[in-house]
file start14.txt (compact mmCIF, C-alpha atoms)
# COMPACT_ATOMS: atom_id res chain seq x y z
CA MET K 29 -0.70 112.54 89.26
CA PHE K 30 2.94 111.93 88.32
CA LYS K 31 2.64 108.33 87.22
CA ASP K 32 5.50 108.38 84.71
CA LEU K 33 8.00 109.82 87.12
CA ASP K 34 10.45 107.25 88.44
CA PRO K 35 9.39 106.86 92.10
CA LEU K 36 12.96 106.13 93.07
CA LEU K 37 14.06 109.54 91.84
CA HIS K 38 10.92 111.43 92.77
CA SER K 39 12.02 111.96 96.35
CA GLN K 40 13.88 115.03 97.52
CA LEU K 41 16.92 113.41 99.03
CA ARG K 42 17.48 110.78 96.34
CA LEU K 43 16.94 113.32 93.56
CA GLY K 44 19.33 115.70 95.34
CA VAL K 45 22.01 113.01 95.52
CA MET K 46 21.54 112.03 91.88
CA SER K 47 21.71 115.69 90.77
CA ILE K 48 25.04 116.08 92.51
CA LEU K 49 26.42 112.79 91.21
CA ILE K 50 25.41 113.53 87.62
CA SER K 51 27.49 116.69 87.67
CA VAL K 52 30.64 115.24 89.26
CA GLU K 53 32.81 112.20 88.70
CA GLN K 54 32.61 111.02 92.26
CA ALA K 55 31.68 112.42 95.65
CA GLU K 56 32.33 111.33 99.20
CA PHE K 57 29.58 110.53 101.68
CA THR K 58 30.48 113.55 103.84
CA PHE K 59 30.24 115.86 100.81
CA LEU K 60 26.77 114.53 99.91
CA LYS K 61 25.67 114.81 103.54
CA GLU K 62 26.80 118.43 103.74
CA LYS K 63 25.24 119.48 100.43
CA THR K 64 21.90 117.77 101.00
CA ASN K 65 21.60 118.62 104.72
CA ALA K 66 20.56 115.04 105.37
CA THR K 67 21.30 112.97 108.46
CA ALA K 68 23.94 110.27 108.05
CA GLY K 69 21.42 107.52 108.77
CA ASN K 70 18.85 108.70 106.26
CA LEU K 71 21.43 109.42 103.58
CA SER K 72 22.89 105.97 104.06
CA VAL K 73 19.48 104.32 103.61
CA GLN K 74 18.70 106.34 100.48
CA LEU K 75 22.14 105.64 98.98
CA ASP K 76 21.56 101.92 99.49
CA LYS K 77 18.23 102.18 97.66
CA LEU K 78 19.90 103.95 94.71
CA SER K 79 22.71 101.40 94.74
CA GLU K 80 20.30 98.44 94.80
CA ALA K 81 18.52 99.92 91.78
CA GLY K 82 21.89 100.09 90.00
CA TYR K 83 21.74 103.89 89.73
CA ILE K 84 24.91 104.51 91.70
CA LYS K 85 28.02 102.61 92.69
CA ILE K 86 29.20 102.84 96.28
CA GLU K 87 32.87 102.24 97.02
CA LYS K 88 34.16 101.76 100.53
CA SER K 89 37.81 102.25 101.32
CA PHE K 90 40.04 103.80 103.95
CA ARG K 91 41.83 107.13 104.25
CA GLY K 92 44.44 106.33 106.85
CA LYS K 93 42.42 104.60 109.54
CA LYS K 94 39.17 106.38 108.71
CA PRO K 95 36.59 104.54 106.61
CA LEU K 96 35.77 106.34 103.40
CA THR K 97 32.61 105.96 101.34
CA SER K 98 32.48 107.44 97.86
CA CYS K 99 29.70 107.33 95.30
CA LYS K 100 29.58 107.43 91.53
CA ILE K 101 26.63 107.52 89.17
CA THR K 102 26.35 104.50 86.82
CA LYS K 103 25.32 104.46 83.16
CA GLY K 104 21.93 103.13 84.25
CA GLY K 105 21.69 106.01 86.72
CA VAL K 106 22.44 108.59 84.04
CA LYS K 107 19.77 107.05 81.80
CA ALA K 108 17.19 107.02 84.62
CA PHE K 109 18.02 110.61 85.50
CA GLU K 110 17.65 111.72 81.88
CA GLU K 111 14.32 109.95 81.58
CA TYR K 112 13.17 111.57 84.82
CA VAL K 113 14.10 115.04 83.51
CA ASN K 114 12.36 114.33 80.19
CA SER K 115 9.18 113.27 82.04
CA LEU K 116 9.40 116.45 84.10
CA LYS K 117 9.64 118.50 80.92
CA SER K 118 6.52 116.85 79.49
CA TYR K 119 4.59 117.60 82.71
CA ILE K 120 5.64 121.23 82.62
CA LYS K 121 4.62 121.56 78.97
CA LYS K 122 1.10 120.25 79.77
CA MET V 2 15.67 117.81 103.68
CA GLU V 3 15.14 114.39 105.21
CA LYS V 4 11.77 115.28 106.73
CA SER V 5 10.17 115.51 103.32
CA VAL V 6 11.99 112.63 101.73
CA GLU V 7 8.96 110.72 100.61
CA LYS V 8 6.84 113.78 100.07
CA GLY V 9 5.74 114.17 96.47
CA MET V 10 7.20 117.10 94.61
CA GLU V 11 5.77 119.32 91.94
CA PRO V 12 7.76 119.16 88.66
CA ASN V 13 8.92 122.74 89.20
CA GLN V 14 10.22 121.88 92.67
CA SER V 15 12.09 118.91 91.21
CA LEU V 16 13.74 121.09 88.59
CA GLU V 17 14.67 123.72 91.19
CA LEU V 18 16.21 121.01 93.37
CA ILE V 19 18.22 119.60 90.46
CA ALA V 20 19.50 123.08 89.54
CA ALA V 21 20.38 123.88 93.17
CA MET V 22 22.29 120.61 93.67
CA ILE V 23 24.21 120.92 90.41
CA TYR V 24 25.21 124.44 91.50
CA GLN V 25 26.44 123.02 94.83
CA ALA V 26 28.72 120.62 93.00
CA LYS V 27 30.58 123.30 91.08
CA GLY V 28 34.31 122.71 91.08
CA ASN V 29 36.77 124.65 93.16
CA PHE V 30 39.92 125.44 91.22
CA LYS V 31 41.41 127.96 93.59
CA HIS V 32 43.68 125.36 95.19
CA ASN V 33 45.51 125.14 91.84
CA ALA V 34 47.12 128.53 92.53
CA ILE V 35 50.04 126.71 94.16
CA HIS V 36 51.02 125.11 90.82
CA PHE V 37 51.02 128.44 88.98
CA LEU V 38 53.13 130.04 91.72
CA LEU V 39 55.58 127.13 91.86
CA TRP V 40 56.08 126.95 88.08
CA GLY V 41 55.95 130.72 87.71
CA TRP V 42 58.93 131.14 90.04
CA VAL V 43 60.85 128.13 88.71
CA VAL V 44 60.56 129.22 85.08
CA LEU V 45 61.28 132.85 85.96
CA ILE V 46 64.46 131.81 87.79
CA GLY V 47 65.36 129.53 84.85
CA ASN V 48 65.01 132.27 82.24
CA VAL V 49 66.63 135.10 84.19
CA GLY V 50 69.28 132.73 85.56
CA MET V 51 70.21 131.44 82.11
CA TYR V 52 70.41 135.01 80.79
CA PHE V 53 72.90 135.95 83.51
CA LEU V 54 74.89 132.73 83.10
CA ILE V 55 75.25 133.50 79.37
CA GLN V 56 76.37 137.04 80.26
CA GLN V 57 78.96 135.57 82.62
CA GLY V 58 80.24 133.28 79.87
CA VAL V 59 79.36 130.07 81.72
CA LYS V 60 79.85 127.01 79.46
CA ALA V 61 76.58 125.17 79.97
CA PRO V 62 74.06 127.85 81.00
CA TYR V 63 71.12 125.55 80.17
CA MET V 64 72.02 123.40 83.18
CA ILE V 65 69.93 125.83 85.26
CA TRP V 66 66.85 124.10 83.82
CA LEU V 67 67.61 121.09 86.00
CA ILE V 68 65.62 122.98 88.66
CA THR V 69 62.50 121.87 86.78
CA LEU V 70 63.09 118.26 87.89
CA PRO V 71 62.54 118.82 91.64
CA ALA V 72 59.76 121.27 90.72
CA ALA V 73 58.00 118.54 88.72
CA ALA V 74 58.29 116.16 91.65
CA LEU V 75 56.93 118.82 94.03
CA SER V 76 54.07 119.68 91.68
CA ALA V 77 53.16 115.98 91.35
CA TYR V 78 53.24 115.66 95.15
CA PHE V 79 50.95 118.71 95.60
CA GLY V 80 48.57 117.32 92.99
CA TYR V 81 48.53 113.89 94.64
CA ARG V 82 47.88 115.43 98.08
CA GLN V 83 45.08 117.63 96.75
CA GLY V 84 43.47 114.64 95.05
CA LYS V 85 43.56 112.71 98.32
CA GLN V 86 42.11 115.58 100.33
CA SER V 87 39.31 116.70 98.03
CA ARG V 88 35.96 115.13 98.81
CA VAL V 89 34.56 115.55 95.35
CA ARG V 90 36.01 115.27 91.86
CA THR V 91 34.21 117.02 89.02
CA HIS V 92 34.53 116.27 85.31
CA LEU V 93 36.27 119.62 84.91
CA ASP V 94 38.81 118.66 87.59
CA THR V 95 39.72 115.64 85.47
CA ILE V 96 39.99 117.65 82.25
CA TYR V 97 42.04 120.29 84.04
CA MET V 98 44.43 117.70 85.51
CA TRP V 99 45.07 115.87 82.21
CA LEU V 100 45.38 119.10 80.27
CA TRP V 101 48.30 120.15 82.48
CA ILE V 102 49.88 116.69 82.68
CA SER V 103 49.90 116.41 78.88
CA TYR V 104 51.31 119.94 78.62
CA GLY V 105 54.07 118.92 81.06
CA MET V 106 54.87 115.84 78.95
CA VAL V 107 55.10 117.95 75.79
CA ILE V 108 57.41 120.51 77.43
CA PHE V 109 59.72 117.85 78.88
CA THR V 110 59.87 116.18 75.46
CA LEU V 111 60.89 119.53 73.94
CA LEU V 112 63.54 120.09 76.62
CA PHE V 113 64.88 116.56 76.17
CA PHE V 114 65.19 116.75 72.37
CA GLY V 115 65.91 120.48 72.27
CA HIS V 116 69.56 119.84 71.30
CA THR V 117 68.46 118.43 67.93
CA ILE V 118 67.05 121.82 66.97
CA ASN V 119 69.85 123.83 68.56
CA TYR V 120 67.68 124.71 71.58
CA GLN V 121 65.55 127.11 69.55
CA ILE V 122 62.63 126.11 71.74
CA ASN V 123 61.68 129.28 73.63
CA PRO V 124 59.04 130.51 71.15
CA VAL V 125 57.62 126.98 70.87
CA ILE V 126 57.38 126.61 74.66
CA LEU V 127 55.60 129.97 74.90
CA LEU V 128 53.24 128.92 72.10
CA PHE V 129 52.43 125.62 73.82
CA SER V 130 52.00 127.40 77.17
CA SER V 131 49.30 129.63 75.77
CA VAL V 132 46.91 126.70 75.22
CA PRO V 133 46.47 125.19 78.74
CA THR V 134 46.66 128.64 80.35
CA PHE V 135 43.95 130.05 78.09
CA ILE V 136 41.74 126.94 78.33
CA SER V 137 42.10 126.89 82.14
CA GLY V 138 41.08 130.53 82.29
CA ILE V 139 38.00 129.83 80.19
CA THR V 140 36.95 126.70 82.10
CA ILE V 141 37.30 128.22 85.56
CA ARG V 142 36.01 131.61 84.34
CA PHE V 143 39.10 133.43 85.57
CA LYS V 144 40.06 136.37 83.36
CA PRO V 145 43.70 136.84 84.49
CA LEU V 146 44.49 133.35 83.14
CA VAL V 147 42.67 134.07 79.88
CA ILE V 148 44.74 137.25 79.49
CA GLY V 149 47.88 135.31 80.53
CA GLY V 150 47.19 132.72 77.82
CA ILE V 151 46.78 135.42 75.18
CA LEU V 152 50.00 137.12 76.35
CA PHE V 153 51.88 133.80 76.03
CA TRP V 154 50.68 133.58 72.44
CA ILE V 155 51.64 137.19 71.60
CA SER V 156 55.03 136.72 73.31
CA SER V 157 55.69 133.59 71.24
CA ILE V 158 55.02 135.51 68.01
CA ILE V 159 57.50 138.23 69.06
CA CYS V 160 59.95 135.63 70.37
CA PHE V 161 60.36 133.95 66.97
CA SER V 162 62.22 136.99 65.68
CA LEU V 163 64.49 137.64 68.68
CA SER V 164 67.99 136.50 69.62
CA LEU V 165 68.27 133.72 72.22
CA GLU V 166 69.33 136.07 75.04
CA ILE V 167 66.45 138.48 74.53
CA GLN V 168 64.07 135.51 74.15
CA LEU V 169 64.97 134.56 77.73
CA LEU V 170 64.00 137.98 79.04
CA LEU V 171 60.75 138.00 77.07
CA SER V 172 59.95 134.51 78.38
CA ALA V 173 60.56 135.79 81.92
CA PHE V 174 58.12 138.64 81.28
CA ALA V 175 55.56 136.23 79.78
CA ILE V 176 55.77 133.89 82.75
CA ILE V 177 55.16 136.79 85.17
CA CYS V 178 52.02 137.73 83.22
CA GLY V 179 50.91 134.19 82.44
CA TYR V 180 51.53 132.33 85.70
CA LEU V 181 52.69 134.54 88.56
CA ILE V 182 50.14 137.37 88.44
CA PRO V 183 47.17 135.03 87.80
CA GLY V 184 48.57 132.64 90.45
CA TYR V 185 48.70 135.33 93.14
CA LEU V 186 45.26 136.66 92.15
CA LEU V 187 43.83 133.13 92.29
CA ARG V 188 45.36 132.60 95.73
CA ALA V 189 44.05 135.96 96.96
CA LYS V 190 40.59 134.92 95.81
CA LYS V 191 40.85 131.85 98.02
CA ASP V 192 41.70 133.92 101.08
CA ASN V 193 38.63 136.12 100.70

call {"tool": "encode", "arguments": {"input": "start14.txt", "output": "structure tokens"}}
result
Amino acid sequence: MFKDLDPLLHSQLRLGVMSILISVEQAEFTFLKEKTNATAGNLSVQLDKLSEAGYIKIEKSFRGKKPLTSCKITKGGVKAFEEYVNSLKSYIKK
Amino acid sequence: MEKSVEKGMEPNQSLELIAAMIYQAKGNFKHNAIHFLLWGWVVLIGNVGMYFLIQQGVKAPYMIWLITLPAAALSAYFGYRQGKQSRVRTHLDTIYMWLWISYGMVIFTLLFFGHTINYQINPVILLFSSVPTFISGITIRFKPLVIGGILFWISSIICFSLSLEIQLLLSAFAIICGYLIPGYLLRAKKDN
């Protein structure tokens, strides 16, 4: 039914993550996990998929001794998100 | 959410999800209250202190403004620590940060070169202060700061026609309305 919708974005968790990242400059893994109610494992897998598609950039660093993962949306990600929203609009108009 | 990860969504559901997530990522500016309180007190002490030093006939009453140097260092430290601790940085956070840093640069430039214009800088400082205070109030939707910004502007207009000593007292009043009251209200909001 929704052929034009980017399958990578047409999934609750990935769309949730992209919606957060489009409205902020960067967000930490723990923030995304809390806001999306996802498990760490699942979120990690979905973030990798978005990163492989070039939609987001994942940066790993350390805060003290704790590992820190933060994510940023890329230009390609913004474009994909906008196209997804435009496709949604056209479906709703139908 | 993870249970229905690969489940197809209706367009309306997608839009609702996008709206809900964007709402979740709204910035939190309440932690900035510390900067308003710090600068509110420092500038209040500076103005009232300089007024009394002039009354006492002290030779270099403007030396009291040296208290802004440790305050700037402390403010930078608070900002750095907040940046490290916050798990998310919004676009507004960035605008807010640079707005205040550039304001700080402008004010320090004025203080540094104030001697070339005989230190007639009080009205100008008040005028400059109205901009970031007002804009911050608008961006974080916090009325006391909006009112504070407007009061800075009105105070600057009055200040232009006052003597230096009275300017100091008016500046002290403006800083109470522009920084201290909004700062305490912002902090109280955080505690709720």

call {"tool": "closest_residue", "arguments": {"input": "start14.txt", "among": "K:Lys93, K:Lys107, K:Lys63, K:Lys100", "to": "chain V", "atoms": "all atoms listed in the file"}}
result
K:Lys63

call {"tool": "closest_residue", "arguments": {"input": "start14.txt", "among": "V:Leu112, V:Leu146, V:Leu100, V:Met10", "to": "chain K", "atoms": "all atoms listed in the file"}}
result
V:Met10

call {"tool": "residues_around", "arguments": {"input": "start14.txt", "residues": "range 162-177 of chain V", "least_positions_apart": "6", "cutoff": "10 Å", "atoms": "all atoms listed in the file", "output": "PyMOL selection string"}}
result
chain V and resi 37-38+40-53+55-56+120-124+126-127+130-131+149-156+183-184

call {"tool": "interface_residues", "arguments": {"input": "start14.txt", "of": "chain K", "to": "chain V", "cutoff": "10 Å", "atoms": "all atoms listed in the file", "output": "compact mmCIF listing (two decimals) with C-alpha atoms, in the frame of the given file"}}
result
# COMPACT_ATOMS: atom_id res chain seq x y z
CA MET K 29 -0.70 112.54 89.26
CA PHE K 30 2.94 111.93 88.32
CA LEU K 33 8.00 109.82 87.12
CA PRO K 35 9.39 106.86 92.10
CA LEU K 36 12.96 106.13 93.07
CA LEU K 37 14.06 109.54 91.84
CA HIS K 38 10.92 111.43 92.77
CA SER K 39 12.02 111.96 96.35
CA GLN K 40 13.88 115.03 97.52
CA LEU K 41 16.92 113.41 99.03
CA ARG K 42 17.48 110.78 96.34
CA LEU K 43 16.94 113.32 93.56
CA GLY K 44 19.33 115.70 95.34
CA VAL K 45 22.01 113.01 95.52
CA MET K 46 21.54 112.03 91.88
CA SER K 47 21.71 115.69 90.77
CA ILE K 48 25.04 116.08 92.51
CA LEU K 49 26.42 112.79 91.21
CA ILE K 50 25.41 113.53 87.62
CA SER K 51 27.49 116.69 87.67
CA VAL K 52 30.64 115.24 89.26
CA GLU K 53 32.81 112.20 88.70
CA GLN K 54 32.61 111.02 92.26
CA ALA K 55 31.68 112.42 95.65
CA GLU K 56 32.33 111.33 99.20
CA PHE K 57 29.58 110.53 101.68
CA THR K 58 30.48 113.55 103.84
CA PHE K 59 30.24 115.86 100.81
CA LEU K 60 26.77 114.53 99.91
CA LYS K 63 25.24 119.48 100.43
CA THR K 64 21.90 117.77 101.00
CA ASN K 65 21.60 118.62 104.72
CA ALA K 66 20.56 115.04 105.37
CA THR K 67 21.30 112.97 108.46
CA GLY K 69 21.42 107.52 108.77
CA ASN K 70 18.85 108.70 106.26
CA LEU K 71 21.43 109.42 103.58
CA GLN K 74 18.70 106.34 100.48
CA ARG K 91 41.83 107.13 104.25
CA LEU K 96 35.77 106.34 103.40
CA SER K 98 32.48 107.44 97.86
CA CYS K 99 29.70 107.33 95.30
CA TYR K 112 13.17 111.57 84.82
CA VAL K 113 14.10 115.04 83.51
CA SER K 115 9.18 113.27 82.04
CA LEU K 116 9.40 116.45 84.10
CA LYS K 117 9.64 118.50 80.92
CA SER K 118 6.52 116.85 79.49
CA TYR K 119 4.59 117.60 82.71
CA ILE K 120 5.64 121.23 82.62

call {"tool": "residues_around", "arguments": {"input": "start14.txt", "residues": "Ala77 in chain V", "least_positions_apart": "4", "cutoff": "12 Å", "atoms": "all atoms listed in the file", "output": "ChimeraX atom specification"}}
result
/V:33,35-36,39-40,69-73,81-84,98,101-102,105

call {"tool": "atom_distance", "arguments": {"input": "start14.txt", "atom1": "CA of His32 in chain V", "atom2": "CA of Leu187 in chain V"}}
result
8.3 Å

call {"tool": "atom_distance", "arguments": {"input": "start14.txt", "atom1": "CA of Gly179 in chain V", "atom2": "CA of Gly80 in chain V"}}
result
20.0 Å

call {"tool": "closest_residue", "arguments": {"input": "start14.txt", "among": "K:Gly82, K:Lys77, K:Ala68, K:Lys61", "to": "Ala108 in chain K", "atoms": "only C-alpha atoms"}}
result
K:Gly82

call {"tool": "atom_distance", "arguments": {"input": "start14.txt", "atom1": "CA of Lys144 in chain V", "atom2": "CA of Cys160 in chain V"}}
result
23.8 Å

call {"tool": "closest_residue", "arguments": {"input": "start14.txt", "among": "K:Thr97, K:Lys103, K:Lys121, K:Glu111", "to": "Tyr83 in chain K", "atoms": "all atoms listed in the file"}}
result
K:Lys103

call {"tool": "residues_near_point", "arguments": {"input": "start14.txt", "point": "(40.8, 131.3, 85.9)", "cutoff": "10 Å", "atoms": "all atoms listed in the file", "output": "number ranges by chain"}}
result
V: 30-31, 33-34, 134-149, 183-184, 186-187

call {"tool": "build_atoms", "arguments": {"input": "start14.txt", "residues": "range 128-141 of chain V", "atoms": "N, CA and C atoms", "output": "PDB file, in the coordinates of the input"}}
result
ATOM      1  N   LEU V 128      54.428 129.221  72.919  1.00  0.00           N
ATOM      2  CA  LEU V 128      53.240 128.920  72.100  1.00  0.00           C
ATOM      3  C   LEU V 128      52.425 127.796  72.749  1.00  0.00           C
ATOM      4  N   PHE V 129      53.115 126.730  73.158  1.00  0.00           N
ATOM      5  CA  PHE V 129      52.430 125.620  73.820  1.00  0.00           C
ATOM      6  C   PHE V 129      51.797 126.068  75.136  1.00  0.00           C
ATOM      7  N   SER V 130      52.490 126.961  75.876  1.00  0.00           N
ATOM      8  CA  SER V 130      52.000 127.400  77.170  1.00  0.00           C
ATOM      9  C   SER V 130      50.687 128.174  77.065  1.00  0.00           C
ATOM     10  N   SER V 131      50.501 128.817  75.902  1.00  0.00           N
ATOM     11  CA  SER V 131      49.300 129.630  75.770  1.00  0.00           C
ATOM     12  C   SER V 131      48.033 128.769  75.822  1.00  0.00           C
ATOM     13  N   VAL V 132      48.119 127.525  75.336  1.00  0.00           N
ATOM     14  CA  VAL V 132      46.910 126.700  75.220  1.00  0.00           C
ATOM     15  C   VAL V 132      46.325 126.300  76.592  1.00  0.00           C
ATOM     16  N   PRO V 133      47.086 125.572  77.457  1.00  0.00           N
ATOM     17  CA  PRO V 133      46.470 125.190  78.740  1.00  0.00           C
ATOM     18  C   PRO V 133      46.130 126.388  79.625  1.00  0.00           C
ATOM     19  N   THR V 134      46.935 127.463  79.521  1.00  0.00           N
ATOM     20  CA  THR V 134      46.660 128.640  80.350  1.00  0.00           C
ATOM     21  C   THR V 134      45.339 129.272  79.926  1.00  0.00           C
ATOM     22  N   PHE V 135      45.168 129.443  78.622  1.00  0.00           N
ATOM     23  CA  PHE V 135      43.950 130.050  78.090  1.00  0.00           C
ATOM     24  C   PHE V 135      42.731 129.163  78.389  1.00  0.00           C
ATOM     25  N   ILE V 136      42.864 127.858  78.109  1.00  0.00           N
ATOM     26  CA  ILE V 136      41.740 126.940  78.330  1.00  0.00           C
ATOM     27  C   ILE V 136      41.365 126.890  79.823  1.00  0.00           C
ATOM     28  N   SER V 137      42.382 126.887  80.704  1.00  0.00           N
ATOM     29  CA  SER V 137      42.100 126.890  82.140  1.00  0.00           C
ATOM     30  C   SER V 137      41.330 128.143  82.529  1.00  0.00           C
ATOM     31  N   GLY V 138      41.760 129.271  81.993  1.00  0.00           N
ATOM     32  CA  GLY V 138      41.080 130.530  82.290  1.00  0.00           C
ATOM     33  C   GLY V 138      39.626 130.495  81.870  1.00  0.00           C
ATOM     34  N   ILE V 139      39.375 129.916  80.690  1.00  0.00           N
ATOM     35  CA  ILE V 139      38.000 129.830  80.190  1.00  0.00           C
ATOM     36  C   ILE V 139      37.180 128.877  81.056  1.00  0.00           C
ATOM     37  N   THR V 140      37.739 127.694  81.369  1.00  0.00           N
ATOM     38  CA  THR V 140      36.950 126.700  82.100  1.00  0.00           C
ATOM     39  C   THR V 140      36.653 127.128  83.531  1.00  0.00           C
ATOM     40  N   ILE V 141      37.589 127.815  84.181  1.00  0.00           N
ATOM     41  CA  ILE V 141      37.300 128.220  85.560  1.00  0.00           C
ATOM     42  C   ILE V 141      36.783 129.672  85.616  1.00  0.00           C
TER      43      ILE V 141
END
